Amino acid sequence: MSDFLRIEGLEASIDDNGSPKPILKGIDLVIPAGEVHAIMGPNGSGKSTLSYVLAGREDYEVTGGSVSFKGQDLLAMEPEERAAAGVFLAFQAPVELPGVNNANFLRTAVNAVRRARGEEEYDAVQFLKAARTKAKALSMPEDLLKRNVNVGFSGGEKKRNEVLQMAMLNPSLAILDETDSGLDIDALRIVAEGVNALRSPSFSALVITHHQRLLDYLVPDKVHVMARGRILRTGGPELAHQLEAEGYASFLAEAA
Amino acid sequence: MPAVAETLNTVETLTQSSYKWGFETAIEMDLAPKGLNEDTIRLISARKEEPEWLLAWRLKAFATWQKMEPPRWARVGDHPPIDFQDAHYYAAPKKKPGPKSLDEVDPELLAMYEKLGIPLKERAILAGVEGAEGEAGESDRPQVAVDAVFDSVSVATTFRSTLAKAGVIFCPISEAVREHPDLVRQYLGTVVPASDNFYAALNSAVFTDGSFVFIPKGVRCPMELSTYFRINARNTGQFERTLIIAEDGASVSYLEGCTAPMRDENQLHAAVVELIAMDDASIKYSTVQNWYPGDSEGRGGIYNFVTKRGACRGARSKISWTQVETGSSITWKYPSCILQGEGSVGEFYSVAVTNNHQQADTGTKMIHIGRDTRSTIVAKTISAGQSDSTYRGLVRMLPKASNARNHTQCDSLLIGDRCGAHTVPYIENRNMTAKIEHEATTSKISEDQLFYCRSRGLSEEDAVGLIVNGFCKDVLKELPMEFAVEAQKLLQVSLEGSVG
């Protein structure tokens with residue numbers, strides 16, 4: 001299980017008015033099972049692109065490299081197949097679905113994934129019980145389940161809703177794309193605890209963040225510094241502290 | 001059994017059951033000759049043993065129709081002109097040749113039946129396969145349309161006695177003409193006059209069946225007239241005529257249509273529905289329309305040119321239209337309310353879905369005549385494929401409509417980049433105290449929304465279904481409960497293959 005997630009030479013570009021604009025320029029990254037890795041880096045370094053490519057967003061064209069997840073070719077899978085296989089992306093900007101009840105959405109998603117994994121689907125009672133318990137653990141007001149998906153949610157509520165979805169979908173690889181942005185310190189702790197609760201030898205996470213603060217609560221096994229579409233440096237948790245103190249300038253100079 | 005004998009047997013089964021229910025009186029092997037003229041109308045009237053006044057009414061409508069031109073103002077593109085002389089206007093039901101077996105039926109139609117969970121036997125009936133009804137009849141009785149749960153005959157009988165006890169008249173309009181001629185004569189054509197428009201005039205001249213509902217004073221109809229009607233829905237014809245009257249303080253909820261797509265050899269459907277609500281009466285009329293829309297190239301679909309109108313004649317009366325329109329290749333339909341009584345209320349809730357090459361021009365008219373009248377319009381339009389959908393609505397405040405109010409909400413949802421959605425509101429106000437509000441939005445199902453749903457494990461089609469049902473929620477919640485669930489499923493099935 002040492003190569004739970006193995007990214008090799010991953011290159012991806014986005015269509016920029018008809019011509020491809022490279023964003024990821026050869027990413028190498030291995031996350032063993034049970035580990036939490038953080039990716040830090042300045043804006044525009046390709047962090048969110050990496051998370052989207054791993055989750056299967058079609059706007060990006062993979063131009064090189066490979067990604068294997070639990071021995072499977074992740075890049076060959078549809079987004080919903082990746083979800084069933086255990087990949088979960090917590091969105092930086094969760095999407096609003098007007099008129100779609102949050103609990104209904106969550107139940108539809110959970111049962112789609114359970115069905116694909118060969119598990120029994122939740123009935124309405126089982127589902128509500130599980131969702132309420134987990135929502136409570138995240139200090140989410142219960143009416144959030146009754147409202148429409150992310151519509152009229154505050155920034156903090158949207159992020160907590162992402163973590164609730166994660167807890168219910170029970171992924172083996174969670175990718176958190178700046179889940180800490182826009183959160184106050186209490187919300188940050190609650191979200192980190194939500195992720196920590198999932199930590200196990202069969203759960204890994206890739207945490208994308210700008211700030212070291214989240215990593216105080218969600219202590220990573222490894223920290224990667226990413227800039228200009230590449231991973232420049234990999235280290236332990238202390239690397240995050242060094243970044244916080246010194247900024248990205250020295251790393252960028254090194255890369256140039 | 002040899003094929004001929006089987007067919008004969010089928011026809012016999014059919015005619016007997018039809019006779020039993022009185023939808024047809026003189027079922028023979030006869031067919032009116034092709035073409036439309038006074039003789040045809042005399043034949044229809046004679047076959048139905050109609051009184052002289054009705055024949056005269058039909059003939060007058062026919063004379064009016066001959067001077068009229070088909071309307072061309074709807075935004076439904078070009079369709080080949082309809083040859084009104086190349087059709088039979090009177091025929092015993094289901095006598096035209098259909099596919100010989102399910103193998104000859106459009107596979108996409110069959111796939112849709114499967115997705116809607118319709119039993120195999122009923123799929124054949126719905127698709128018009130020859131002999132299918134006889135086969136089904138051995139076990140289920142031929143008149144079962146969709147609702148396999150019920151044995152239609154016993155259920156219908158029970159319903160009839162329940163209704164009769166309450167004093168409710170609910171029967172085929174041809175039977176009402178015989179049994180309750182004064183009522184029919186008093187109200188027929190008073191909401192939609194024969195001269196109203198081209199297709200209404202045609203319908204008035206040649207209508208052959210439809211429903212008649214009369215709810216006497218103070219009676220709340222003891223059951224939704226939906227279940228009953230759905231069982232009998234197969235008997236609806238090409239020129240259906242429906243008349244519903246609610247006397248003072250009476251109320252009724254009526255549902256027509258079914259979620260299973262119905263194949264029909266008649267390309268043109270031109271129904272007329274008239275509703276009349278007296279003081280404090282309320283009528284709720286819900287429609288799920290899913291006529292065959294044609295294949296993915298748009299060939300062979302139904303033209304649905306319908307006139308539906310309700311008159312709120314009494315004070316504080318209420319008429320509410322709810323429609324889910326997913327079928328037909330061309331839909332042309334404007335269920336309307338004439339708000340005459342003081343404080344009367346008109347409502348129109350609509351979901352219109354077009355996919356592939358379908359075209360829909362639909363909306364409503366709210367004519368405010370009396371003071372303190374109120375109307376609400378919620379129209380949701382969903383276009384996919386290469387389809388075109390138009391909301392066309394009129395709100396008219398007449399001089400005496402003091403303090404009248406209207407609120408209109410029109411939302412369009414586009415799927416893909418080859419479809420169109422259009423909103424054409426007409427607003428006329430001749431009373432300074434009246435208030436009219438109109439809100440409209442147009443949006444697309446975004447890639448962001450689809451990806452978000454898929455990243456949570458939903459298939460693309462489930463994601464579209466979820467988003468579309470969310471978009472339509474305000475309308476679907478107006479439907480009777482059991483139908484709302486089916487309608488949700490229908491919306492999703494109608495839009496399959498529309499993304500990506």
# chains A, B, ... in the order shown; residues from 1 in each chain; ligands from 1
>>> residues_around(residues="Thr287 in chain B", least_positions_apart="2", cutoff="7 Å", atoms="only C-alpha atoms", output="ChimeraX atom specification")
/B:255-257,285,289,322-324
>>> closest_atom_pairs(of="chain B", to="chain A", cutoff="12 Å", atoms="only C-alpha atoms", output="JSON lines")
{"residue": "B:Leu413", "atom": "CA", "partner": "A:Pro98", "partner_atom": "CA", "distance": 12.0}
{"residue": "B:Ser443", "atom": "CA", "partner": "A:Pro98", "partner_atom": "CA", "distance": 11.3}
{"residue": "B:Lys444", "atom": "CA", "partner": "A:Leu97", "partner_atom": "CA", "distance": 12.0}
{"residue": "B:Ile445", "atom": "CA", "partner": "A:Leu97", "partner_atom": "CA", "distance": 9.7}
{"residue": "B:Ser446", "atom": "CA", "partner": "A:Val95", "partner_atom": "CA", "distance": 9.8}
{"residue": "B:Glu447", "atom": "CA", "partner": "A:Asp59", "partner_atom": "CA", "distance": 9.0}
{"residue": "B:Asp448", "atom": "CA", "partner": "A:Val95", "partner_atom": "CA", "distance": 6.7}
{"residue": "B:Gln449", "atom": "CA", "partner": "A:Val95", "partner_atom": "CA", "distance": 6.1}
{"residue": "B:Leu450", "atom": "CA", "partner": "A:Val95", "partner_atom": "CA", "distance": 9.5}
{"residue": "B:Phe451", "atom": "CA", "partner": "A:Arg57", "partner_atom": "CA", "distance": 6.6}
{"residue": "B:Tyr452", "atom": "CA", "partner": "A:Val95", "partner_atom": "CA", "distance": 6.6}
{"residue": "B:Cys453", "atom": "CA", "partner": "A:Ala109", "partner_atom": "CA", "distance": 7.8}
{"residue": "B:Arg454", "atom": "CA", "partner": "A:Glu80", "partner_atom": "CA", "distance": 4.9}
{"residue": "B:Ser455", "atom": "CA", "partner": "A:Pro79", "partner_atom": "CA", "distance": 5.2}
{"residue": "B:Arg456", "atom": "CA", "partner": "A:Ala109", "partner_atom": "CA", "distance": 5.6}
{"residue": "B:Gly457", "atom": "CA", "partner": "A:Glu80", "partner_atom": "CA", "distance": 4.1}
{"residue": "B:Leu458", "atom": "CA", "partner": "A:Glu80", "partner_atom": "CA", "distance": 5.8}
{"residue": "B:Ser459", "atom": "CA", "partner": "A:Glu80", "partner_atom": "CA", "distance": 6.1}
{"residue": "B:Glu460", "atom": "CA", "partner": "A:Glu80", "partner_atom": "CA", "distance": 8.4}
{"residue": "B:Glu461", "atom": "CA", "partner": "A:Glu80", "partner_atom": "CA", "distance": 11.3}
{"residue": "B:Asp462", "atom": "CA", "partner": "A:Thr108", "partner_atom": "CA", "distance": 9.0}
{"residue": "B:Ala463", "atom": "CA", "partner": "A:Phe105", "partner_atom": "CA", "distance": 9.5}
{"residue": "B:Val464", "atom": "CA", "partner": "A:Leu97", "partner_atom": "CA", "distance": 11.0}
{"residue": "B:Gly465", "atom": "CA", "partner": "A:Val100", "partner_atom": "CA", "distance": 10.3}
{"residue": "B:Leu466", "atom": "CA", "partner": "A:Val100", "partner_atom": "CA", "distance": 6.8}
{"residue": "B:Ile467", "atom": "CA", "partner": "A:Val100", "partner_atom": "CA", "distance": 6.6}
{"residue": "B:Val468", "atom": "CA", "partner": "A:Gly99", "partner_atom": "CA", "distance": 8.7}
{"residue": "B:Asn469", "atom": "CA", "partner": "A:Val100", "partner_atom": "CA", "distance": 7.5}
{"residue": "B:Gly470", "atom": "CA", "partner": "A:Gly99", "partner_atom": "CA", "distance": 3.8}
{"residue": "B:Phe471", "atom": "CA", "partner": "A:Gly99", "partner_atom": "CA", "distance": 5.6}
{"residue": "B:Cys472", "atom": "CA", "partner": "A:Gly99", "partner_atom": "CA", "distance": 7.7}
{"residue": "B:Lys473", "atom": "CA", "partner": "A:Gly99", "partner_atom": "CA", "distance": 6.3}
{"residue": "B:Asp474", "atom": "CA", "partner": "A:Gly99", "partner_atom": "CA", "distance": 8.4}
{"residue": "B:Val475", "atom": "CA", "partner": "A:Gly99", "partner_atom": "CA", "distance": 11.2}
{"residue": "B:Leu476", "atom": "CA", "partner": "A:Gly99", "partner_atom": "CA", "distance": 11.3}
{"residue": "B:Lys477", "atom": "CA", "partner": "A:Gly99", "partner_atom": "CA", "distance": 11.6}
{"residue": "B:Gly500", "atom": "CA", "partner": "A:Glu58", "partner_atom": "CA", "distance": 11.0}
>>> residues_around(residues="Tyr254 in chain B", least_positions_apart="2", cutoff="12 Å", atoms="only C-alpha atoms", output="PDB file with N, CA, C and O atoms, in the first residue's frame")
ATOM      1  N   PHE B 170     -69.988  12.756 -13.167  1.00  0.00           N
ATOM      2  CA  PHE B 170     -68.698  12.630 -13.847  1.00  0.00           C
ATOM      3  C   PHE B 170     -68.879  11.559 -14.902  1.00  0.00           C
ATOM      4  O   PHE B 170     -69.009  10.377 -14.581  1.00  0.00           O
ATOM      5  N   SER B 211     -64.729  14.643 -21.247  1.00  0.00           N
ATOM      6  CA  SER B 211     -65.338  14.427 -19.935  1.00  0.00           C
ATOM      7  C   SER B 211     -66.258  15.575 -19.554  1.00  0.00           C
ATOM      8  O   SER B 211     -66.063  16.710 -19.965  1.00  0.00           O
ATOM      9  N   PHE B 212     -67.216  15.204 -18.713  1.00  0.00           N
ATOM     10  CA  PHE B 212     -68.135  16.196 -18.176  1.00  0.00           C
ATOM     11  C   PHE B 212     -68.143  16.036 -16.655  1.00  0.00           C
ATOM     12  O   PHE B 212     -68.280  14.919 -16.141  1.00  0.00           O
ATOM     13  N   VAL B 213     -67.950  17.140 -15.968  1.00  0.00           N
ATOM     14  CA  VAL B 213     -67.946  17.095 -14.504  1.00  0.00           C
ATOM     15  C   VAL B 213     -68.875  18.184 -13.998  1.00  0.00           C
ATOM     16  O   VAL B 213     -68.787  19.335 -14.425  1.00  0.00           O
ATOM     17  N   PHE B 214     -69.756  17.800 -13.080  1.00  0.00           N
ATOM     18  CA  PHE B 214     -70.642  18.793 -12.462  1.00  0.00           C
ATOM     19  C   PHE B 214     -70.624  18.567 -10.954  1.00  0.00           C
ATOM     20  O   PHE B 214     -70.962  17.492 -10.465  1.00  0.00           O
ATOM     21  N   ILE B 215     -70.164  19.586 -10.230  1.00  0.00           N
ATOM     22  CA  ILE B 215     -70.127  19.473  -8.765  1.00  0.00           C
ATOM     23  C   ILE B 215     -71.227  20.409  -8.234  1.00  0.00           C
ATOM     24  O   ILE B 215     -71.111  21.627  -8.384  1.00  0.00           O
ATOM     25  N   CYS B 221     -65.815  17.625  -3.894  1.00  0.00           N
ATOM     26  CA  CYS B 221     -65.722  16.331  -4.568  1.00  0.00           C
ATOM     27  C   CYS B 221     -64.938  15.359  -3.694  1.00  0.00           C
ATOM     28  O   CYS B 221     -63.816  15.667  -3.274  1.00  0.00           O
ATOM     29  N   PRO B 222     -65.526  14.202  -3.360  1.00  0.00           N
ATOM     30  CA  PRO B 222     -64.940  13.328  -2.342  1.00  0.00           C
ATOM     31  C   PRO B 222     -63.621  12.674  -2.751  1.00  0.00           C
ATOM     32  O   PRO B 222     -62.988  12.024  -1.930  1.00  0.00           O
ATOM     33  N   MET B 223     -63.221  12.810  -3.988  1.00  0.00           N
ATOM     34  CA  MET B 223     -61.940  12.204  -4.388  1.00  0.00           C
ATOM     35  C   MET B 223     -61.340  13.026  -5.516  1.00  0.00           C
ATOM     36  O   MET B 223     -62.047  13.755  -6.212  1.00  0.00           O
ATOM     37  N   GLU B 224     -60.071  12.922  -5.652  1.00  0.00           N
ATOM     38  CA  GLU B 224     -59.433  13.551  -6.797  1.00  0.00           C
ATOM     39  C   GLU B 224     -59.924  12.816  -8.039  1.00  0.00           C
ATOM     40  O   GLU B 224     -59.943  11.592  -8.058  1.00  0.00           O
ATOM     41  N   LEU B 225     -60.294  13.550  -9.036  1.00  0.00           N
ATOM     42  CA  LEU B 225     -60.769  12.869 -10.235  1.00  0.00           C
ATOM     43  C   LEU B 225     -59.603  12.384 -11.090  1.00  0.00           C
ATOM     44  O   LEU B 225     -59.756  12.084 -12.247  1.00  0.00           O
ATOM     45  N   SER B 226     -58.459  12.296 -10.469  1.00  0.00           N
ATOM     46  CA  SER B 226     -57.281  11.888 -11.225  1.00  0.00           C
ATOM     47  C   SER B 226     -57.233  10.397 -11.476  1.00  0.00           C
ATOM     48  O   SER B 226     -57.143   9.948 -12.601  1.00  0.00           O
ATOM     49  N   THR B 227     -57.300   9.627 -10.411  1.00  0.00           N
ATOM     50  CA  THR B 227     -57.100   8.188 -10.526  1.00  0.00           C
ATOM     51  C   THR B 227     -58.093   7.592 -11.512  1.00  0.00           C
ATOM     52  O   THR B 227     -57.738   6.867 -12.423  1.00  0.00           O
ATOM     53  N   TYR B 228     -59.330   7.979 -11.316  1.00  0.00           N
ATOM     54  CA  TYR B 228     -60.379   7.492 -12.191  1.00  0.00           C
ATOM     55  C   TYR B 228     -60.060   7.829 -13.640  1.00  0.00           C
ATOM     56  O   TYR B 228     -60.103   7.008 -14.527  1.00  0.00           O
ATOM     57  N   PHE B 229     -59.687   9.083 -13.808  1.00  0.00           N
ATOM     58  CA  PHE B 229     -59.463   9.529 -15.169  1.00  0.00           C
ATOM     59  C   PHE B 229     -58.282   8.830 -15.809  1.00  0.00           C
ATOM     60  O   PHE B 229     -58.291   8.510 -16.987  1.00  0.00           O
ATOM     61  N   ARG B 230     -57.268   8.603 -15.014  1.00  0.00           N
ATOM     62  CA  ARG B 230     -56.075   7.976 -15.589  1.00  0.00           C
ATOM     63  C   ARG B 230     -56.388   6.584 -16.098  1.00  0.00           C
ATOM     64  O   ARG B 230     -55.848   6.135 -17.085  1.00  0.00           O
ATOM     65  N   THR B 242     -63.819  18.856 -22.905  1.00  0.00           N
ATOM     66  CA  THR B 242     -64.036  18.693 -21.475  1.00  0.00           C
ATOM     67  C   THR B 242     -64.758  19.914 -20.928  1.00  0.00           C
ATOM     68  O   THR B 242     -64.442  21.049 -21.299  1.00  0.00           O
ATOM     69  N   LEU B 243     -65.719  19.654 -20.050  1.00  0.00           N
ATOM     70  CA  LEU B 243     -66.501  20.733 -19.455  1.00  0.00           C
ATOM     71  C   LEU B 243     -66.639  20.438 -17.966  1.00  0.00           C
ATOM     72  O   LEU B 243     -67.130  19.385 -17.582  1.00  0.00           O
ATOM     73  N   ILE B 244     -66.156  21.362 -17.144  1.00  0.00           N
ATOM     74  CA  ILE B 244     -66.220  21.163 -15.695  1.00  0.00           C
ATOM     75  C   ILE B 244     -66.937  22.358 -15.070  1.00  0.00           C
ATOM     76  O   ILE B 244     -66.557  23.505 -15.314  1.00  0.00           O
ATOM     77  N   ILE B 245     -67.968  22.059 -14.261  1.00  0.00           N
ATOM     78  CA  ILE B 245     -68.735  23.129 -13.640  1.00  0.00           C
ATOM     79  C   ILE B 245     -68.740  22.917 -12.134  1.00  0.00           C
ATOM     80  O   ILE B 245     -69.095  21.836 -11.653  1.00  0.00           O
ATOM     81  N   ALA B 246     -68.325  23.926 -11.394  1.00  0.00           N
ATOM     82  CA  ALA B 246     -68.408  23.864  -9.935  1.00  0.00           C
ATOM     83  C   ALA B 246     -69.387  24.949  -9.488  1.00  0.00           C
ATOM     84  O   ALA B 246     -69.124  26.138  -9.670  1.00  0.00           O
ATOM     85  N   SER B 251     -66.026  22.290  -4.804  1.00  0.00           N
ATOM     86  CA  SER B 251     -64.610  22.242  -5.175  1.00  0.00           C
ATOM     87  C   SER B 251     -64.258  20.894  -5.768  1.00  0.00           C
ATOM     88  O   SER B 251     -64.858  19.869  -5.435  1.00  0.00           O
ATOM     89  N   VAL B 252     -63.272  20.908  -6.639  1.00  0.00           N
ATOM     90  CA  VAL B 252     -62.863  19.676  -7.310  1.00  0.00           C
ATOM     91  C   VAL B 252     -61.417  19.787  -7.774  1.00  0.00           C
ATOM     92  O   VAL B 252     -60.936  20.874  -8.112  1.00  0.00           O
ATOM     93  N   GLU B 256     -55.537  15.284 -15.639  1.00  0.00           N
ATOM     94  CA  GLU B 256     -55.588  14.575 -16.912  1.00  0.00           C
ATOM     95  C   GLU B 256     -54.176  14.190 -17.335  1.00  0.00           C
ATOM     96  O   GLU B 256     -53.198  14.796 -16.927  1.00  0.00           O
ATOM     97  N   GLY B 257     -54.124  13.192 -18.178  1.00  0.00           N
ATOM     98  CA  GLY B 257     -52.846  12.831 -18.771  1.00  0.00           C
ATOM     99  C   GLY B 257     -52.194  11.698 -18.034  1.00  0.00           C
ATOM    100  O   GLY B 257     -52.688  11.192 -17.036  1.00  0.00           O
ATOM    101  N   VAL B 273     -60.959  22.641 -23.361  1.00  0.00           N
ATOM    102  CA  VAL B 273     -61.366  22.432 -21.976  1.00  0.00           C
ATOM    103  C   VAL B 273     -61.996  23.717 -21.464  1.00  0.00           C
ATOM    104  O   VAL B 273     -61.410  24.794 -21.606  1.00  0.00           O
ATOM    105  N   LEU B 275     -63.764  25.464 -18.014  1.00  0.00           N
ATOM    106  CA  LEU B 275     -64.019  25.354 -16.573  1.00  0.00           C
ATOM    107  C   LEU B 275     -64.902  26.524 -16.151  1.00  0.00           C
ATOM    108  O   LEU B 275     -64.695  27.650 -16.616  1.00  0.00           O
ATOM    109  N   SER B 282     -64.033  26.272  -6.229  1.00  0.00           N
ATOM    110  CA  SER B 282     -62.649  26.191  -6.699  1.00  0.00           C
ATOM    111  C   SER B 282     -62.429  24.954  -7.560  1.00  0.00           C
ATOM    112  O   SER B 282     -62.977  23.884  -7.297  1.00  0.00           O
ATOM    113  N   ILE B 283     -61.668  25.157  -8.614  1.00  0.00           N
ATOM    114  CA  ILE B 283     -61.334  24.064  -9.529  1.00  0.00           C
ATOM    115  C   ILE B 283     -59.825  24.044  -9.701  1.00  0.00           C
ATOM    116  O   ILE B 283     -59.205  25.057 -10.005  1.00  0.00           O
ATOM    117  N   LYS B 284     -59.274  22.882  -9.452  1.00  0.00           N
ATOM    118  CA  LYS B 284     -57.841  22.709  -9.675  1.00  0.00           C
ATOM    119  C   LYS B 284     -57.685  21.724 -10.822  1.00  0.00           C
ATOM    120  O   LYS B 284     -58.207  20.604 -10.750  1.00  0.00           O
ATOM    121  N   TYR B 285     -57.019  22.131 -11.854  1.00  0.00           N
ATOM    122  CA  TYR B 285     -56.906  21.294 -13.045  1.00  0.00           C
ATOM    123  C   TYR B 285     -55.424  21.043 -13.314  1.00  0.00           C
ATOM    124  O   TYR B 285     -54.664  21.975 -13.584  1.00  0.00           O
ATOM    125  N   SER B 286     -55.019  19.806 -13.200  1.00  0.00           N
ATOM    126  CA  SER B 286     -53.605  19.476 -13.395  1.00  0.00           C
ATOM    127  C   SER B 286     -53.425  18.613 -14.638  1.00  0.00           C
ATOM    128  O   SER B 286     -54.233  17.735 -14.904  1.00  0.00           O
ATOM    129  N   THR B 287     -52.377  18.864 -15.351  1.00  0.00           N
ATOM    130  CA  THR B 287     -52.124  18.133 -16.587  1.00  0.00           C
ATOM    131  C   THR B 287     -50.688  17.627 -16.597  1.00  0.00           C
ATOM    132  O   THR B 287     -49.774  18.375 -16.284  1.00  0.00           O
ATOM    133  N   VAL B 288     -50.533  16.378 -16.959  1.00  0.00           N
ATOM    134  CA  VAL B 288     -49.205  15.897 -17.310  1.00  0.00           C
ATOM    135  C   VAL B 288     -49.307  15.439 -18.749  1.00  0.00           C
ATOM    136  O   VAL B 288     -50.026  14.498 -19.051  1.00  0.00           O
ATOM    137  N   ILE B 319     -59.604  29.348  -9.806  1.00  0.00           N
ATOM    138  CA  ILE B 319     -59.245  28.327 -10.793  1.00  0.00           C
ATOM    139  C   ILE B 319     -57.725  28.254 -10.863  1.00  0.00           C
ATOM    140  O   ILE B 319     -57.041  29.267 -10.980  1.00  0.00           O
ATOM    141  N   SER B 320     -57.235  27.039 -10.745  1.00  0.00           N
ATOM    142  CA  SER B 320     -55.788  26.851 -10.718  1.00  0.00           C
ATOM    143  C   SER B 320     -55.378  25.827 -11.775  1.00  0.00           C
ATOM    144  O   SER B 320     -55.876  24.709 -11.785  1.00  0.00           O
ATOM    145  N   TRP B 321     -54.512  26.239 -12.663  1.00  0.00           N
ATOM    146  CA  TRP B 321     -53.989  25.335 -13.686  1.00  0.00           C
ATOM    147  C   TRP B 321     -52.565  24.929 -13.308  1.00  0.00           C
ATOM    148  O   TRP B 321     -51.744  25.787 -13.012  1.00  0.00           O
ATOM    149  N   THR B 322     -52.300  23.638 -13.344  1.00  0.00           N
ATOM    150  CA  THR B 322     -50.913  23.193 -13.182  1.00  0.00           C
ATOM    151  C   THR B 322     -50.604  22.272 -14.343  1.00  0.00           C
ATOM    152  O   THR B 322     -51.376  21.359 -14.630  1.00  0.00           O
ATOM    153  N   GLN B 323     -49.528  22.505 -15.030  1.00  0.00           N
ATOM    154  CA  GLN B 323     -49.225  21.637 -16.159  1.00  0.00           C
ATOM    155  C   GLN B 323     -47.746  21.268 -16.211  1.00  0.00           C
ATOM    156  O   GLN B 323     -46.874  22.061 -15.892  1.00  0.00           O
ATOM    157  N   LEU B 479     -48.656  19.951  -7.813  1.00  0.00           N
ATOM    158  CA  LEU B 479     -49.304  18.746  -8.344  1.00  0.00           C
ATOM    159  C   LEU B 479     -49.788  17.862  -7.203  1.00  0.00           C
ATOM    160  O   LEU B 479     -49.189  17.849  -6.138  1.00  0.00           O
ATOM    161  N   PRO B 480     -50.869  17.095  -7.452  1.00  0.00           N
ATOM    162  CA  PRO B 480     -51.255  16.101  -6.449  1.00  0.00           C
ATOM    163  C   PRO B 480     -50.067  15.187  -6.158  1.00  0.00           C
ATOM    164  O   PRO B 480     -49.313  14.837  -7.069  1.00  0.00           O
ATOM    165  N   PHE B 483     -48.690  12.205  -8.164  1.00  0.00           N
ATOM    166  CA  PHE B 483     -48.279  12.573  -9.504  1.00  0.00           C
ATOM    167  C   PHE B 483     -46.992  13.365  -9.510  1.00  0.00           C
ATOM    168  O   PHE B 483     -46.219  13.313 -10.460  1.00  0.00           O
TER     169      PHE B 483
END
>>> select_by_dssp(residues="range 52-233 of chain A", states="strand (DSSP E or B)", output="count of residues only")
41
>>> residues_around(residues="range 7-17 of chain A", least_positions_apart="6", cutoff="12 Å", atoms="only C-alpha atoms", output="PyMOL selection string")
chain A and resi 23-32+46-54+56-75+228-231
>>> residues_around(residues="Ile369 in chain B", least_positions_apart="5", cutoff="8 Å", atoms="only C-alpha atoms", output="PyMOL selection string")
chain B and resi 338-341+397-401
>>> write_last_selection(atoms="C-alpha atoms", output="PDB file, in the first residue's frame")
ATOM      1  CA  ILE B 338     -61.238  34.972 -16.839  1.00  0.00           C
ATOM      2  CA  LEU B 339     -61.452  36.606 -13.438  1.00  0.00           C
ATOM      3  CA  GLN B 340     -64.919  38.029 -13.457  1.00  0.00           C
ATOM      4  CA  GLY B 341     -66.194  37.527  -9.892  1.00  0.00           C
ATOM      5  CA  MET B 397     -56.472  44.536 -16.223  1.00  0.00           C
ATOM      6  CA  LEU B 398     -59.821  45.894 -17.362  1.00  0.00           C
ATOM      7  CA  PRO B 399     -61.221  49.251 -16.157  1.00  0.00           C
ATOM      8  CA  LYS B 400     -63.326  47.763 -13.345  1.00  0.00           C
ATOM      9  CA  ALA B 401     -60.500  45.628 -11.944  1.00  0.00           C
TER      10      ALA B 401
END
>>> closest_residue(among="A:Ala130, A:Leu183, A:Ala240, A:Leu232", to="Ala253 in chain A", atoms="only C-alpha atoms")
A:Leu232
>>> select_by_dssp(residues="range 38-139 of chain A", states="helix (DSSP H, G or I)", output="count of residues only")
48
>>> residues_around(residues="Gly182 in chain A", least_positions_apart="5", cutoff="9 Å", atoms="only C-alpha atoms", output="VMD selection string")
chain A and resid 155 to 156 159
>>> write_last_selection(atoms="C-alpha atoms", output="PDB file, in the first residue's frame")
ATOM      1  CA  GLY A 155     -18.720  31.037   3.714  1.00  0.00           C
ATOM      2  CA  GLY A 156     -18.227  29.034   6.893  1.00  0.00           C
ATOM      3  CA  LYS A 159     -17.114  24.769   4.076  1.00  0.00           C
TER       4      LYS A 159
END
>>> atom_distance(atom1="CA of Ile415 in chain B", atom2="CA of Leu490 in chain B")
16.6 Å
>>> residues_around(residues="Arg418 in chain B", least_positions_apart="3", cutoff="10 Å", atoms="only C-alpha atoms", output="ChimeraX atom specification")
/B:356,383-388,414-415
>>> write_last_selection(atoms="N, CA, C and O atoms", output="short mmCIF file (atom, residue, chain, number, x, y, z; two decimals), in the first residue's frame")
data_model
loop_
_atom_site.label_atom_id
_atom_site.label_comp_id
_atom_site.auth_asym_id
_atom_site.auth_seq_id
_atom_site.Cartn_x
_atom_site.Cartn_y
_atom_site.Cartn_z
N ASN B 356 -34.51 17.53 -28.07
CA ASN B 356 -34.36 17.19 -29.49
C ASN B 356 -34.93 18.32 -30.37
O ASN B 356 -34.49 19.44 -30.27
N SER B 383 -35.19 24.02 -21.93
CA SER B 383 -34.92 23.67 -23.32
C SER B 383 -33.61 22.90 -23.40
O SER B 383 -32.63 23.30 -22.78
N ALA B 384 -33.63 21.84 -24.20
CA ALA B 384 -32.41 21.06 -24.43
C ALA B 384 -32.35 20.70 -25.91
O ALA B 384 -33.29 20.99 -26.66
N GLY B 385 -31.27 20.05 -26.30
CA GLY B 385 -31.13 19.63 -27.69
C GLY B 385 -31.20 20.81 -28.63
O GLY B 385 -30.60 21.85 -28.40
N GLN B 386 -31.99 20.65 -29.71
CA GLN B 386 -32.16 21.75 -30.66
C GLN B 386 -33.57 22.32 -30.56
O GLN B 386 -34.13 22.81 -31.53
N SER B 387 -34.13 22.21 -29.40
CA SER B 387 -35.53 22.58 -29.23
C SER B 387 -35.68 24.07 -28.98
O SER B 387 -34.72 24.78 -28.69
N ASP B 388 -36.92 24.52 -29.07
CA ASP B 388 -37.25 25.91 -28.85
C ASP B 388 -38.46 25.98 -27.94
O ASP B 388 -39.44 25.29 -28.17
N LEU B 414 -31.56 26.58 -19.79
CA LEU B 414 -31.05 26.06 -21.05
C LEU B 414 -30.05 24.95 -20.78
O LEU B 414 -29.23 25.05 -19.88
N ILE B 415 -30.14 23.89 -21.58
CA ILE B 415 -29.18 22.80 -21.48
C ILE B 415 -28.53 22.65 -22.85
O ILE B 415 -29.21 22.34 -23.82
#
